[in-house]
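**Q** Take a look at the following structure, please.
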Amino acid sequence: MSSSSQARQRINALLEENSFVEIGALVTARNTDFNLKQEETPSDGVVTGYGVIDGNLVYVYSQDASVLGGSIGEMHARKIVRLYELAIKTGSPVIGLIDSTGLRLQEATDALNGFGEIYLKQVEASGVVPQITAIFGACGGGLAIIPSITDFTFMESEKAKLFVNSPNALDGNYKEKCDTSAAKWQSTETANVDVVSDEASIYAQIRELVSILPSNNEDGDSYQECSDDLNRACENLDGATADPSLIARQISDNGLFFETKREYAKEMVTGFIRLNGATVGLVGNRTAVFDENGKEAEKFADKLTAHGLEKAAEFITFCDAFDLPVLTLTNATGFGTSKCDEKHVAKAAGRLVYSLANATVPKVNLITGKAFGSAYVIMNSKAIGADVTISWPDAQVGTMDANLAAKIICDGKDAETVSKAAAEYAALQNNVKSAAARGYVDEIVEPADTRKYVVGAFEMLFTKRDERPAKKHGTV
């Protein structure tokens, strides 16, 4: 199979059968430097057009590695820019299938200008239509900026390479030592990649994501008929406190949960669920990952890390831009205590506070475990704008762990006095009823009833309007 047919085959594998209409098939390179006129450049190395996924119009471009390595030149870039212009006009998602050696050196400043024009259109489209990138081959240098401006990035597990500098160009590194361009490294060490999988699975998951998301920031078409019981009991849900992804699947319509940035900062979970047919963004901090046998596979402290906070803030900003309600699950006692965290955690916490407080969409907070100190405040508390706060009966809300508080309060006293003070502090201050008595918690519900109450809260908030002071934009 030639790469040319592969570029089109990728589009056909992604879209509904016979729905693809190509635009600009006859475009070729204009540049004639370095004998480029001797080369055939069909479609100038990129197939562009539109088609349908789950009944929704989408625009797709697929780079053709058989034409000058799929490199980006003037006309190649112009075709992608044209696609973006149509997407913005019609309010439809853009999906880019990347397989390219990057900048076309023979076209020099024309190619560089082309990169800049693509970036500009991506920025114009940001927050207007969803942008999705799937990397199947090389995506290096200036091309690596394209997925960083899009909303979701998929990466093929074996052949895809994502890099600004190649692994061998990094001081003290070489590819065999640490392949920084590989999907594994990019998905775990950077915040660039949402899903790593094989090619066929990537198409299926992009289709699922497109069916969950609204087509643009004004349509509100991310709804479908709900066939699941709205009052369905979720048994043993309190046993899933450690992993919000398990709670997400239990409370969501028909178990749907699309997790984003799956391998990065696993101590924070972000993704989409459906509640009564409506798409809702879910964020929650995680203390354990379980294997298929229910055994603990990975363990994390109940702390908010800098990387986890950044991941959550970026996700909430996306949800707010596309008018998707946000559900947070809180089970945190403080902030990460590593040297790396100390460098970044205050700034990252500020970003989460900003994204939540700035979001005007319906916001519901579910306290599933411990909610202590500033970590509780920034995880969508009433103080920073949560519309409804729901808690499980055994949850604890307070300044800190009762034993620690007692040691501070009873400094220098004997063990019995400290122990007595700890019990008293837990009963008076950390009991969720104490927070509810002060109006910081609206409802205390049994874990099994969580779906019913969360659905009810979002139904009540459906017509929420939130006016803010006039300004161009914030600066956090």
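Lettering and numbering for the structure tokens are positional, with chains as A, B, ... in the shown order, residues counted from 1 in each chain, and ligands counted from 1 in the shown order.
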Which polymer residues have any atom within 12 Å of an atom of Lys407 (chain A), counting only C-alpha atoms, with same-chain residues fewer than 2 positions away left out, as a list of chain:residue names?

**A** A:Met400, A:Asp401, A:Ala402, A:Asn403, A:Leu404, A:Ala405, A:Ile409, A:Cys410, A:Asp411, A:Gly412, A:Lys413, A:Asp414, A:Ala415, A:Glu416, A:Thr417, A:Val418, A:Ser419, A:Lys420, A:Ala421, A:Ala422, A:Ala423, A:Tyr425

**Q** Atoms to include: N, CA and C atoms. Write the selected residues as a PDB file, in the first residue's frame.

**A**
ATOM      1  N   MET A 400      -7.435  19.940  59.348  1.00  0.00           N
ATOM      2  CA  MET A 400      -6.388  18.918  59.250  1.00  0.00           C
ATOM      3  C   MET A 400      -6.812  17.675  60.011  1.00  0.00           C
ATOM      4  N   ASP A 401      -5.997  16.635  59.917  1.00  0.00           N
ATOM      5  CA  ASP A 401      -6.234  15.393  60.639  1.00  0.00           C
ATOM      6  C   ASP A 401      -6.352  15.700  62.134  1.00  0.00           C
ATOM      7  N   ALA A 402      -7.324  15.085  62.807  1.00  0.00           N
ATOM      8  CA  ALA A 402      -7.603  15.379  64.215  1.00  0.00           C
ATOM      9  C   ALA A 402      -6.407  15.107  65.123  1.00  0.00           C
ATOM     10  N   ASN A 403      -5.675  14.031  64.876  1.00  0.00           N
ATOM     11  CA  ASN A 403      -4.511  13.704  65.716  1.00  0.00           C
ATOM     12  C   ASN A 403      -3.442  14.789  65.620  1.00  0.00           C
ATOM     13  N   LEU A 404      -3.218  15.266  64.399  1.00  0.00           N
ATOM     14  CA  LEU A 404      -2.223  16.324  64.191  1.00  0.00           C
ATOM     15  C   LEU A 404      -2.670  17.624  64.857  1.00  0.00           C
ATOM     16  N   ALA A 405      -3.949  17.929  64.693  1.00  0.00           N
ATOM     17  CA  ALA A 405      -4.496  19.149  65.308  1.00  0.00           C
ATOM     18  C   ALA A 405      -4.367  19.094  66.830  1.00  0.00           C
ATOM     19  N   ILE A 409      -2.634  21.695  69.383  1.00  0.00           N
ATOM     20  CA  ILE A 409      -3.446  22.356  70.415  1.00  0.00           C
ATOM     21  C   ILE A 409      -2.923  22.033  71.815  1.00  0.00           C
ATOM     22  N   CYS A 410      -2.544  20.775  72.034  1.00  0.00           N
ATOM     23  CA  CYS A 410      -2.114  20.318  73.362  1.00  0.00           C
ATOM     24  C   CYS A 410      -0.594  20.155  73.440  1.00  0.00           C
ATOM     25  N   ASP A 411       0.105  21.048  72.818  1.00  0.00           N
ATOM     26  CA  ASP A 411       1.568  20.961  72.805  1.00  0.00           C
ATOM     27  C   ASP A 411       2.137  20.884  74.232  1.00  0.00           C
ATOM     28  N   GLY A 412       2.943  19.834  74.499  1.00  0.00           N
ATOM     29  CA  GLY A 412       3.568  19.683  75.814  1.00  0.00           C
ATOM     30  C   GLY A 412       2.720  18.924  76.811  1.00  0.00           C
ATOM     31  N   LYS A 413       1.473  18.593  76.453  1.00  0.00           N
ATOM     32  CA  LYS A 413       0.593  17.847  77.369  1.00  0.00           C
ATOM     33  C   LYS A 413       0.843  16.344  77.239  1.00  0.00           C
ATOM     34  N   ASP A 414       0.282  15.568  78.195  1.00  0.00           N
ATOM     35  CA  ASP A 414       0.489  14.114  78.184  1.00  0.00           C
ATOM     36  C   ASP A 414      -0.349  13.450  77.091  1.00  0.00           C
ATOM     37  N   ALA A 415      -0.007  12.184  76.810  1.00  0.00           N
ATOM     38  CA  ALA A 415      -0.615  11.438  75.699  1.00  0.00           C
ATOM     39  C   ALA A 415      -2.117  11.305  75.852  1.00  0.00           C
ATOM     40  N   GLU A 416      -2.590  11.107  77.083  1.00  0.00           N
ATOM     41  CA  GLU A 416      -4.031  10.926  77.316  1.00  0.00           C
ATOM     42  C   GLU A 416      -4.807  12.196  76.965  1.00  0.00           C
ATOM     43  N   THR A 417      -4.228  13.344  77.329  1.00  0.00           N
ATOM     44  CA  THR A 417      -4.875  14.631  77.030  1.00  0.00           C
ATOM     45  C   THR A 417      -4.938  14.849  75.514  1.00  0.00           C
ATOM     46  N   VAL A 418      -3.820  14.517  74.863  1.00  0.00           N
ATOM     47  CA  VAL A 418      -3.762  14.661  73.396  1.00  0.00           C
ATOM     48  C   VAL A 418      -4.797  13.773  72.730  1.00  0.00           C
ATOM     49  N   SER A 419      -4.891  12.529  73.197  1.00  0.00           N
ATOM     50  CA  SER A 419      -5.831  11.557  72.625  1.00  0.00           C
ATOM     51  C   SER A 419      -7.277  12.026  72.809  1.00  0.00           C
ATOM     52  N   LYS A 420      -7.579  12.562  73.997  1.00  0.00           N
ATOM     53  CA  LYS A 420      -8.927  13.052  74.296  1.00  0.00           C
ATOM     54  C   LYS A 420      -9.272  14.248  73.391  1.00  0.00           C
ATOM     55  N   ALA A 421      -8.273  15.137  73.237  1.00  0.00           N
ATOM     56  CA  ALA A 421      -8.483  16.321  72.389  1.00  0.00           C
ATOM     57  C   ALA A 421      -8.697  15.919  70.934  1.00  0.00           C
ATOM     58  N   ALA A 422      -7.983  14.869  70.491  1.00  0.00           N
ATOM     59  CA  ALA A 422      -8.118  14.394  69.103  1.00  0.00           C
ATOM     60  C   ALA A 422      -9.530  13.886  68.844  1.00  0.00           C
ATOM     61  N   ALA A 423     -10.051  13.126  69.789  1.00  0.00           N
ATOM     62  CA  ALA A 423     -11.406  12.584  69.646  1.00  0.00           C
ATOM     63  C   ALA A 423     -12.432  13.712  69.623  1.00  0.00           C
ATOM     64  N   TYR A 425     -11.833  16.875  68.782  1.00  0.00           N
ATOM     65  CA  TYR A 425     -11.649  17.655  67.549  1.00  0.00           C
ATOM     66  C   TYR A 425     -12.333  16.964  66.372  1.00  0.00           C
TER      67      TYR A 425
END

**Q** Would you mind telling me which residue in A:Gly398, A:Gly102, A:Gly172, A:Gly373 lies nearest to Gly142 (chain A) when using only C-alpha atoms?

**A**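 Among A:Gly398, A:Gly102, A:Gly172, A:Gly373, it is A:Gly102 that comes nearest to Gly142 (chain A).
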
**Q** Using DSSP on the backbone, list every residue of region 102-233 of chain A that comes out as strand (DSSP E), and give them as a list in words.

**A**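 Of region 102-233 of chain A, the ones in strand (DSSP E) are Gln131, Ile132, Thr133, Ala134, Ile135, Ala138, Cys139, Gly140, Phe152, Thr153, Phe154, Met155, Glu156, Lys161, Leu162, Phe163, Val195, Val196 and Ser197 of chain A.
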
**Q** Looking at A:Asp243, A:Glu189, A:Glu298, A:Asp466, which one is nearest to Tyr264 (chain A), with distances taken over only C-alpha atoms?

**A** A:Glu189

**Q** By how many Å are CA of Ala297 (chain A) and CA of Ser374 (chain A) apart?

**A**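 Between these atoms lies a distance of 28.7 Å.
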